[in-house]
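Engineer: To start, I am sharing the structure in question, which I have written as structure tokens.
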Amino acid sequence: MAITCICSKPVNPSAPNAPIWEEEYCSTYCREYDARGLEPIRGDIKTGLKQMSGIFYMPNIDIPCDYCGVEFPLTSARGAESNAQFCSRTCFLQVSNLNIQRSLVHYTMIKILLHNRKFRDGWLSVSQIDEVMCRSRNFKSNSRRISQFLRLWVSRGLLEKKVITARHTEFRISNVGINNPIAKVFVEMIPKKVIK
Ligand SMILES: [Zn+2]
Ligand SMILES: [Zn+2]
């Protein structure tokens with residue numbers, strides 16, 4: 001069943017540039033707009049020109065960068081701009097240039113778990129994570145690889161695990177991950193390359 005966003009666009013987490021973990025809104029922008037109870041800005045107030053009173057603008061929304069924590073404006077423009085997670089390319093490169101294979105796949109999984117901890121009950125099984133990861137064109141379903149990722153991040157303290165039965169374990173982001181800029185915590189937990 002198709003879900004419609006507050007902006008009346010369809011919610012499609014598999015769309016290019018959409019956050020694959022977002023199942024209730026079309027974009028990060030719309031989630032923040034709704035959560036903060038924002039309203040469109042009337043044109044004459046924004047521009048100071050009386051003749052603009054019939055035009056409405058969607059406000060920019062300041063959100064903290066996933067890496068440096070400094071706030072930057074999220075815009076209502078479609079695509080990547082309404083889903084930005086980093087204030088700058090420099091901050092994005094901190095995550096994508098890491099000394100681990102496919103660091104963005106690791107990071108995406110962490111973001112799925114963070115989203116779930118913030119807006120749902122927090123715990124996810126390997127198959128639930130796999131289902132979300134499969135919305136990305138860059139990821140082929142592989143529960144064994146996901147299990148390896150999860151074990152690594154449990155051992156580093158970014159995730160917690162809960163054993164339900166011998167065949168069923170669930171995972172969630174630890175408090176370290178919800179109380180700090182997530183990309184910064186993630187990057188700092190990766191061992192640094194030895195520089196010769
Ligand atoms: Zn929307
Ligand atoms: Zn930043």
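Lettering and numbering for the structure tokens are positional, with chains as A, B, ... in the shown order, residues counted from 1 in each chain, and ligands counted from 1 in the shown order.
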List as a list in words the protein and nucleic acid residues lying within 12 Å of ligand 2, with only C-alpha atoms and all ligand atoms counted.
Structural biologist: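 My answer, listing the contacting residues, is Ile63, Pro64, Cys65, Asp66, Tyr67, Cys68, Gly69, Val70, Glu71, Phe72, Pro73, Ala84, Gln85, Phe86, Cys87, Ser88, Arg89, Thr90, Cys91, Phe92, Leu93, Gln94, Val95, Pro181, Ile182, Ala183 and Lys184 of chain A.
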Engineer: Could you tell me, as a PDB file with N, CA and C atoms, in the first residue's frame, which residues of chain A DSSP assigns to helix (DSSP H, G or I) when given the backbone?
Structural biologist:
```
ATOM      1  N   THR A  28      14.017  13.672   4.428  1.00  0.00           N
ATOM      2  CA  THR A  28      14.391  14.128   5.766  1.00  0.00           C
ATOM      3  C   THR A  28      13.768  15.505   6.017  1.00  0.00           C
ATOM      4  N   TYR A  29      13.738  16.330   4.969  1.00  0.00           N
ATOM      5  CA  TYR A  29      13.140  17.667   5.095  1.00  0.00           C
ATOM      6  C   TYR A  29      11.698  17.564   5.616  1.00  0.00           C
ATOM      7  N   CYS A  30      10.900  16.733   4.989  1.00  0.00           N
ATOM      8  CA  CYS A  30       9.480  16.643   5.383  1.00  0.00           C
ATOM      9  C   CYS A  30       9.336  16.129   6.819  1.00  0.00           C
ATOM     10  N   ARG A  31      10.179  15.185   7.236  1.00  0.00           N
ATOM     11  CA  ARG A  31      10.110  14.710   8.627  1.00  0.00           C
ATOM     12  C   ARG A  31      10.377  15.865   9.600  1.00  0.00           C
ATOM     13  N   GLU A  32      11.431  16.632   9.328  1.00  0.00           N
ATOM     14  CA  GLU A  32      11.796  17.745  10.217  1.00  0.00           C
ATOM     15  C   GLU A  32      10.728  18.841  10.191  1.00  0.00           C
ATOM     16  N   TYR A  33      10.211  19.111   9.035  1.00  0.00           N
ATOM     17  CA  TYR A  33       9.175  20.145   8.867  1.00  0.00           C
ATOM     18  C   TYR A  33       7.954  19.795   9.726  1.00  0.00           C
ATOM     19  N   ASP A  34       7.552  18.549   9.648  1.00  0.00           N
ATOM     20  CA  ASP A  34       6.392  18.074  10.397  1.00  0.00           C
ATOM     21  C   ASP A  34       6.684  18.051  11.901  1.00  0.00           C
ATOM     22  N   ALA A  35       7.850  17.501  12.266  1.00  0.00           N
ATOM     23  CA  ALA A  35       8.201  17.368  13.683  1.00  0.00           C
ATOM     24  C   ALA A  35       8.279  18.731  14.370  1.00  0.00           C
ATOM     25  N   GLY A  43       5.381  35.282   1.018  1.00  0.00           N
ATOM     26  CA  GLY A  43       6.360  35.992   0.186  1.00  0.00           C
ATOM     27  C   GLY A  43       6.665  37.403   0.638  1.00  0.00           C
ATOM     28  N   ASP A  44       5.624  38.159   1.070  1.00  0.00           N
ATOM     29  CA  ASP A  44       5.892  39.559   1.451  1.00  0.00           C
ATOM     30  C   ASP A  44       6.713  39.635   2.733  1.00  0.00           C
ATOM     31  N   ILE A  45       6.559  38.641   3.609  1.00  0.00           N
ATOM     32  CA  ILE A  45       7.342  38.633   4.852  1.00  0.00           C
ATOM     33  C   ILE A  45       8.796  38.276   4.536  1.00  0.00           C
ATOM     34  N   LYS A  46       8.961  37.331   3.627  1.00  0.00           N
ATOM     35  CA  LYS A  46      10.320  36.891   3.286  1.00  0.00           C
ATOM     36  C   LYS A  46      11.089  37.962   2.508  1.00  0.00           C
ATOM     37  N   THR A  47      10.400  38.626   1.568  1.00  0.00           N
ATOM     38  CA  THR A  47      11.119  39.530   0.662  1.00  0.00           C
ATOM     39  C   THR A  47      10.927  41.005   0.996  1.00  0.00           C
ATOM     40  N   LYS A  50       5.381  43.869  -1.005  1.00  0.00           N
ATOM     41  CA  LYS A  50       3.945  43.669  -0.804  1.00  0.00           C
ATOM     42  C   LYS A  50       3.322  42.766  -1.883  1.00  0.00           C
ATOM     43  N   GLN A  51       3.793  42.942  -3.131  1.00  0.00           N
ATOM     44  CA  GLN A  51       3.198  42.188  -4.237  1.00  0.00           C
ATOM     45  C   GLN A  51       3.502  40.689  -4.183  1.00  0.00           C
ATOM     46  N   MET A  52       4.379  40.267  -3.253  1.00  0.00           N
ATOM     47  CA  MET A  52       4.722  38.853  -3.128  1.00  0.00           C
ATOM     48  C   MET A  52       3.837  38.120  -2.117  1.00  0.00           C
ATOM     49  N   GLY A  79      15.189  15.768  -4.138  1.00  0.00           N
ATOM     50  CA  GLY A  79      16.438  15.038  -4.342  1.00  0.00           C
ATOM     51  C   GLY A  79      17.398  15.178  -3.179  1.00  0.00           C
ATOM     52  N   ALA A  80      18.673  15.172  -3.522  1.00  0.00           N
ATOM     53  CA  ALA A  80      19.716  15.101  -2.501  1.00  0.00           C
ATOM     54  C   ALA A  80      19.630  16.242  -1.490  1.00  0.00           C
ATOM     55  N   GLU A  81      19.241  17.440  -1.944  1.00  0.00           N
ATOM     56  CA  GLU A  81      19.261  18.597  -1.036  1.00  0.00           C
ATOM     57  C   GLU A  81      18.292  18.476   0.137  1.00  0.00           C
ATOM     58  N   SER A  82      17.177  17.825  -0.076  1.00  0.00           N
ATOM     59  CA  SER A  82      16.220  17.700   1.021  1.00  0.00           C
ATOM     60  C   SER A  82      16.544  16.500   1.930  1.00  0.00           C
ATOM     61  N   ASN A  83      17.647  15.825   1.600  1.00  0.00           N
ATOM     62  CA  ASN A  83      18.048  14.653   2.387  1.00  0.00           C
ATOM     63  C   ASN A  83      19.493  14.725   2.857  1.00  0.00           C
ATOM     64  N   ARG A  89      31.071  18.679   1.751  1.00  0.00           N
ATOM     65  CA  ARG A  89      31.717  17.516   1.139  1.00  0.00           C
ATOM     66  C   ARG A  89      32.871  17.031   2.032  1.00  0.00           C
ATOM     67  N   THR A  90      33.539  17.969   2.678  1.00  0.00           N
ATOM     68  CA  THR A  90      34.651  17.605   3.569  1.00  0.00           C
ATOM     69  C   THR A  90      34.162  16.637   4.646  1.00  0.00           C
ATOM     70  N   CYS A  91      33.021  16.952   5.250  1.00  0.00           N
ATOM     71  CA  CYS A  91      32.494  16.071   6.301  1.00  0.00           C
ATOM     72  C   CYS A  91      32.041  14.733   5.726  1.00  0.00           C
ATOM     73  N   PHE A  92      31.420  14.759   4.549  1.00  0.00           N
ATOM     74  CA  PHE A  92      30.998  13.514   3.908  1.00  0.00           C
ATOM     75  C   PHE A  92      32.205  12.619   3.630  1.00  0.00           C
ATOM     76  N   LEU A  93      33.296  13.225   3.171  1.00  0.00           N
ATOM     77  CA  LEU A  93      34.492  12.435   2.831  1.00  0.00           C
ATOM     78  C   LEU A  93      35.111  11.762   4.059  1.00  0.00           C
ATOM     79  N   GLN A  94      34.875  12.301   5.240  1.00  0.00           N
ATOM     80  CA  GLN A  94      35.371  11.661   6.465  1.00  0.00           C
ATOM     81  C   GLN A  94      34.818  10.238   6.580  1.00  0.00           C
ATOM     82  N   VAL A  95      33.583  10.066   6.110  1.00  0.00           N
ATOM     83  CA  VAL A  95      32.930   8.756   6.203  1.00  0.00           C
ATOM     84  C   VAL A  95      33.224   7.898   4.981  1.00  0.00           C
ATOM     85  N   SER A  96      33.207   8.508   3.800  1.00  0.00           N
ATOM     86  CA  SER A  96      33.333   7.695   2.586  1.00  0.00           C
ATOM     87  C   SER A  96      34.780   7.301   2.275  1.00  0.00           C
ATOM     88  N   SER A 103      32.846   1.503   3.197  1.00  0.00           N
ATOM     89  CA  SER A 103      32.476   2.216   4.416  1.00  0.00           C
ATOM     90  C   SER A 103      31.059   2.775   4.356  1.00  0.00           C
ATOM     91  N   LEU A 104      30.588   3.161   3.154  1.00  0.00           N
ATOM     92  CA  LEU A 104      29.232   3.712   3.082  1.00  0.00           C
ATOM     93  C   LEU A 104      28.155   2.655   3.315  1.00  0.00           C
ATOM     94  N   VAL A 105      28.480   1.400   3.014  1.00  0.00           N
ATOM     95  CA  VAL A 105      27.517   0.331   3.320  1.00  0.00           C
ATOM     96  C   VAL A 105      27.423   0.164   4.842  1.00  0.00           C
ATOM     97  N   HIS A 106      28.568   0.165   5.511  1.00  0.00           N
ATOM     98  CA  HIS A 106      28.569   0.116   6.977  1.00  0.00           C
ATOM     99  C   HIS A 106      27.763   1.283   7.530  1.00  0.00           C
ATOM    100  N   TYR A 107      28.071   2.473   7.000  1.00  0.00           N
ATOM    101  CA  TYR A 107      27.454   3.680   7.546  1.00  0.00           C
ATOM    102  C   TYR A 107      25.936   3.687   7.321  1.00  0.00           C
ATOM    103  N   THR A 108      25.502   3.222   6.163  1.00  0.00           N
ATOM    104  CA  THR A 108      24.072   3.170   5.866  1.00  0.00           C
ATOM    105  C   THR A 108      23.362   2.266   6.872  1.00  0.00           C
ATOM    106  N   MET A 109      24.003   1.146   7.174  1.00  0.00           N
ATOM    107  CA  MET A 109      23.394   0.228   8.136  1.00  0.00           C
ATOM    108  C   MET A 109      23.284   0.872   9.518  1.00  0.00           C
ATOM    109  N   ILE A 110      24.315   1.592   9.899  1.00  0.00           N
ATOM    110  CA  ILE A 110      24.292   2.302  11.179  1.00  0.00           C
ATOM    111  C   ILE A 110      23.160   3.339  11.192  1.00  0.00           C
ATOM    112  N   LYS A 111      22.979   4.017  10.060  1.00  0.00           N
ATOM    113  CA  LYS A 111      21.909   5.022   9.972  1.00  0.00           C
ATOM    114  C   LYS A 111      20.518   4.384  10.063  1.00  0.00           C
ATOM    115  N   ILE A 112      20.363   3.209   9.489  1.00  0.00           N
ATOM    116  CA  ILE A 112      19.084   2.483   9.589  1.00  0.00           C
ATOM    117  C   ILE A 112      18.789   2.190  11.063  1.00  0.00           C
ATOM    118  N   LEU A 113      19.816   1.710  11.770  1.00  0.00           N
ATOM    119  CA  LEU A 113      19.638   1.377  13.184  1.00  0.00           C
ATOM    120  C   LEU A 113      19.401   2.634  14.024  1.00  0.00           C
ATOM    121  N   LEU A 114      20.070   3.719  13.676  1.00  0.00           N
ATOM    122  CA  LEU A 114      19.877   4.973  14.415  1.00  0.00           C
ATOM    123  C   LEU A 114      18.446   5.487  14.226  1.00  0.00           C
ATOM    124  N   HIS A 115      17.986   5.458  12.982  1.00  0.00           N
ATOM    125  CA  HIS A 115      16.625   5.917  12.679  1.00  0.00           C
ATOM    126  C   HIS A 115      15.610   5.111  13.488  1.00  0.00           C
ATOM    127  N   ASN A 116      15.838   3.807  13.517  1.00  0.00           N
ATOM    128  CA  ASN A 116      14.920   2.937  14.236  1.00  0.00           C
ATOM    129  C   ASN A 116      14.949   3.191  15.748  1.00  0.00           C
ATOM    130  N   ARG A 117      16.119   3.494  16.268  1.00  0.00           N
ATOM    131  CA  ARG A 117      16.224   3.780  17.711  1.00  0.00           C
ATOM    132  C   ARG A 117      15.553   5.114  18.039  1.00  0.00           C
ATOM    133  N   LYS A 118      15.663   6.090  17.125  1.00  0.00           N
ATOM    134  CA  LYS A 118      15.083   7.405  17.388  1.00  0.00           C
ATOM    135  C   LYS A 118      13.566   7.407  17.246  1.00  0.00           C
ATOM    136  N   PHE A 119      13.044   6.699  16.255  1.00  0.00           N
ATOM    137  CA  PHE A 119      11.622   6.854  15.921  1.00  0.00           C
ATOM    138  C   PHE A 119      10.774   5.617  16.130  1.00  0.00           C
ATOM    139  N   VAL A 126      18.531  -9.192  11.823  1.00  0.00           N
ATOM    140  CA  VAL A 126      19.327  -9.190  10.592  1.00  0.00           C
ATOM    141  C   VAL A 126      18.415  -9.130   9.363  1.00  0.00           C
ATOM    142  N   SER A 127      17.326  -9.902   9.378  1.00  0.00           N
ATOM    143  CA  SER A 127      16.482  -9.908   8.181  1.00  0.00           C
ATOM    144  C   SER A 127      15.750  -8.579   7.990  1.00  0.00           C
ATOM    145  N   GLN A 128      15.419  -7.906   9.087  1.00  0.00           N
ATOM    146  CA  GLN A 128      14.785  -6.587   8.944  1.00  0.00           C
ATOM    147  C   GLN A 128      15.779  -5.572   8.365  1.00  0.00           C
ATOM    148  N   ILE A 129      17.036  -5.653   8.818  1.00  0.00           N
ATOM    149  CA  ILE A 129      18.051  -4.741   8.291  1.00  0.00           C
ATOM    150  C   ILE A 129      18.302  -5.056   6.816  1.00  0.00           C
ATOM    151  N   ASP A 130      18.371  -6.331   6.511  1.00  0.00           N
ATOM    152  CA  ASP A 130      18.582  -6.770   5.133  1.00  0.00           C
ATOM    153  C   ASP A 130      17.486  -6.219   4.218  1.00  0.00           C
ATOM    154  N   GLU A 131      16.262  -6.275   4.697  1.00  0.00           N
ATOM    155  CA  GLU A 131      15.123  -5.807   3.899  1.00  0.00           C
ATOM    156  C   GLU A 131      15.280  -4.317   3.543  1.00  0.00           C
ATOM    157  N   VAL A 132      15.709  -3.527   4.521  1.00  0.00           N
ATOM    158  CA  VAL A 132      15.897  -2.088   4.271  1.00  0.00           C
ATOM    159  C   VAL A 132      17.100  -1.862   3.351  1.00  0.00           C
ATOM    160  N   MET A 133      18.206  -2.560   3.632  1.00  0.00           N
ATOM    161  CA  MET A 133      19.422  -2.396   2.817  1.00  0.00           C
ATOM    162  C   MET A 133      19.149  -2.726   1.347  1.00  0.00           C
ATOM    163  N   SER A 143      22.678 -11.655   4.085  1.00  0.00           N
ATOM    164  CA  SER A 143      22.525 -11.604   5.546  1.00  0.00           C
ATOM    165  C   SER A 143      23.794 -11.998   6.280  1.00  0.00           C
ATOM    166  N   ARG A 144      24.625 -12.831   5.638  1.00  0.00           N
ATOM    167  CA  ARG A 144      25.859 -13.206   6.331  1.00  0.00           C
ATOM    168  C   ARG A 144      26.773 -11.996   6.497  1.00  0.00           C
ATOM    169  N   ARG A 145      26.863 -11.178   5.427  1.00  0.00           N
ATOM    170  CA  ARG A 145      27.694  -9.974   5.508  1.00  0.00           C
ATOM    171  C   ARG A 145      27.119  -9.010   6.551  1.00  0.00           C
ATOM    172  N   ILE A 146      25.796  -8.883   6.576  1.00  0.00           N
ATOM    173  CA  ILE A 146      25.180  -7.996   7.572  1.00  0.00           C
ATOM    174  C   ILE A 146      25.513  -8.480   8.985  1.00  0.00           C
ATOM    175  N   SER A 147      25.442  -9.789   9.199  1.00  0.00           N
ATOM    176  CA  SER A 147      25.777 -10.330  10.525  1.00  0.00           C
ATOM    177  C   SER A 147      27.221 -10.002  10.913  1.00  0.00           C
ATOM    178  N   GLN A 148      28.112 -10.068   9.932  1.00  0.00           N
ATOM    179  CA  GLN A 148      29.517  -9.720  10.218  1.00  0.00           C
ATOM    180  C   GLN A 148      29.650  -8.252  10.613  1.00  0.00           C
ATOM    181  N   PHE A 149      28.976  -7.375   9.839  1.00  0.00           N
ATOM    182  CA  PHE A 149      28.994  -5.949  10.169  1.00  0.00           C
ATOM    183  C   PHE A 149      28.508  -5.738  11.592  1.00  0.00           C
ATOM    184  N   LEU A 150      27.398  -6.385  11.915  1.00  0.00           N
ATOM    185  CA  LEU A 150      26.777  -6.177  13.223  1.00  0.00           C
ATOM    186  C   LEU A 150      27.708  -6.620  14.339  1.00  0.00           C
ATOM    187  N   ARG A 151      28.350  -7.766  14.161  1.00  0.00           N
ATOM    188  CA  ARG A 151      29.281  -8.258  15.187  1.00  0.00           C
ATOM    189  C   ARG A 151      30.412  -7.271  15.422  1.00  0.00           C
ATOM    190  N   LEU A 152      30.936  -6.736  14.307  1.00  0.00           N
ATOM    191  CA  LEU A 152      32.026  -5.765  14.406  1.00  0.00           C
ATOM    192  C   LEU A 152      31.605  -4.554  15.240  1.00  0.00           C
ATOM    193  N   TRP A 153      30.412  -4.019  14.968  1.00  0.00           N
ATOM    194  CA  TRP A 153      29.980  -2.792  15.642  1.00  0.00           C
ATOM    195  C   TRP A 153      29.498  -3.052  17.069  1.00  0.00           C
ATOM    196  N   VAL A 154      29.081  -4.280  17.352  1.00  0.00           N
ATOM    197  CA  VAL A 154      28.794  -4.640  18.748  1.00  0.00           C
ATOM    198  C   VAL A 154      30.114  -4.653  19.517  1.00  0.00           C
ATOM    199  N   SER A 155      31.157  -5.249  18.902  1.00  0.00           N
ATOM    200  CA  SER A 155      32.445  -5.362  19.605  1.00  0.00           C
ATOM    201  C   SER A 155      33.061  -3.992  19.855  1.00  0.00           C
ATOM    202  N   ARG A 156      32.735  -3.020  18.994  1.00  0.00           N
ATOM    203  CA  ARG A 156      33.296  -1.669  19.189  1.00  0.00           C
ATOM    204  C   ARG A 156      32.420  -0.793  20.082  1.00  0.00           C
ATOM    205  N   ASN A 175      23.812   3.922  23.462  1.00  0.00           N
ATOM    206  CA  ASN A 175      23.650   5.320  23.866  1.00  0.00           C
ATOM    207  C   ASN A 175      24.769   6.215  23.326  1.00  0.00           C
ATOM    208  N   VAL A 176      25.965   5.646  23.154  1.00  0.00           N
ATOM    209  CA  VAL A 176      27.072   6.417  22.569  1.00  0.00           C
ATOM    210  C   VAL A 176      26.637   6.958  21.205  1.00  0.00           C
ATOM    211  N   GLY A 177      25.933   6.121  20.460  1.00  0.00           N
ATOM    212  CA  GLY A 177      25.519   6.492  19.108  1.00  0.00           C
ATOM    213  C   GLY A 177      24.370   7.481  19.050  1.00  0.00           C
ATOM    214  N   ILE A 178      23.520   7.517  20.083  1.00  0.00           N
ATOM    215  CA  ILE A 178      22.415   8.484  19.990  1.00  0.00           C
ATOM    216  C   ILE A 178      22.770   9.814  20.639  1.00  0.00           C
ATOM    217  N   ILE A 182      26.606  11.012  14.811  1.00  0.00           N
ATOM    218  CA  ILE A 182      26.770   9.587  14.524  1.00  0.00           C
ATOM    219  C   ILE A 182      27.980   9.291  13.633  1.00  0.00           C
ATOM    220  N   ALA A 183      28.225  10.145  12.644  1.00  0.00           N
ATOM    221  CA  ALA A 183      29.350   9.880  11.740  1.00  0.00           C
ATOM    222  C   ALA A 183      30.687  10.038  12.465  1.00  0.00           C
ATOM    223  N   LYS A 184      30.732  10.962  13.405  1.00  0.00           N
ATOM    224  CA  LYS A 184      31.967  11.198  14.163  1.00  0.00           C
ATOM    225  C   LYS A 184      32.294   9.969  15.025  1.00  0.00           C
ATOM    226  N   VAL A 185      31.290   9.457  15.726  1.00  0.00           N
ATOM    227  CA  VAL A 185      31.480   8.263  16.557  1.00  0.00           C
ATOM    228  C   VAL A 185      31.945   7.097  15.684  1.00  0.00           C
ATOM    229  N   PHE A 186      31.259   6.944  14.548  1.00  0.00           N
ATOM    230  CA  PHE A 186      31.559   5.867  13.600  1.00  0.00           C
ATOM    231  C   PHE A 186      33.015   5.950  13.136  1.00  0.00           C
ATOM    232  N   VAL A 187      33.424   7.134  12.685  1.00  0.00           N
ATOM    233  CA  VAL A 187      34.785   7.316  12.159  1.00  0.00           C
ATOM    234  C   VAL A 187      35.825   7.063  13.250  1.00  0.00           C
ATOM    235  N   GLU A 188      35.542   7.542  14.455  1.00  0.00           N
ATOM    236  CA  GLU A 188      36.528   7.399  15.528  1.00  0.00           C
ATOM    237  C   GLU A 188      36.688   5.950  15.990  1.00  0.00           C
TER     238      GLU A 188
END
```
Engineer: Kindly indicate which residue among A:Ile61, A:Ile20, A:Ile55, A:Ala77 lies nearest to ligand 1, using only C-alpha atoms and all ligand atoms for the distances.
Structural biologist: A:Ala77
Engineer: How would you write, as a ChimeraX atom specification, the set of residues no farther than 9 Å from ligand 1 when counting only C-alpha atoms and all ligand atoms?
Structural biologist: /A:4-11,24-31,76
Engineer: Take the residues from that selection and put them in a file with C-alpha atoms, as a short mmCIF file (atom, residue, chain, number, x, y, z; two decimals), in the first residue's frame.
Structural biologist:
```
data_model
loop_
_atom_site.label_atom_id
_atom_site.label_comp_id
_atom_site.auth_asym_id
_atom_site.auth_seq_id
_atom_site.Cartn_x
_atom_site.Cartn_y
_atom_site.Cartn_z
CA THR A 4 1.59 9.60 0.97
CA CYS A 5 3.87 12.15 2.60
CA ILE A 6 2.58 15.35 4.28
CA CYS A 7 3.70 17.20 1.12
CA SER A 8 1.41 14.85 -0.88
CA LYS A 9 4.26 13.15 -2.71
CA PRO A 10 4.39 9.35 -2.46
CA VAL A 11 6.76 7.92 0.13
CA GLU A 24 6.85 7.72 6.74
CA TYR A 25 8.03 10.81 4.84
CA CYS A 26 9.38 11.38 1.31
CA SER A 27 12.47 13.13 2.66
CA THR A 28 14.39 14.13 5.77
CA TYR A 29 13.14 17.67 5.09
CA CYS A 30 9.48 16.64 5.38
CA ARG A 31 10.11 14.71 8.63
CA SER A 76 12.85 21.70 0.46
#
```
Engineer: So, with only C-alpha atoms as the atoms that count, which of A:Ser125, A:Ser53, A:Asn12, A:Gln101 lies closest to Ile164 (chain A)?
Structural biologist: A:Ser125
Engineer: For each of A:Ile41, A:Ile3, A:Ser136, A:Leu158, take the minimum atom-to-atom distance to Met189 (chain A), counting only C-alpha atoms, then give the residue where this is smallest.
Structural biologist: A:Leu158
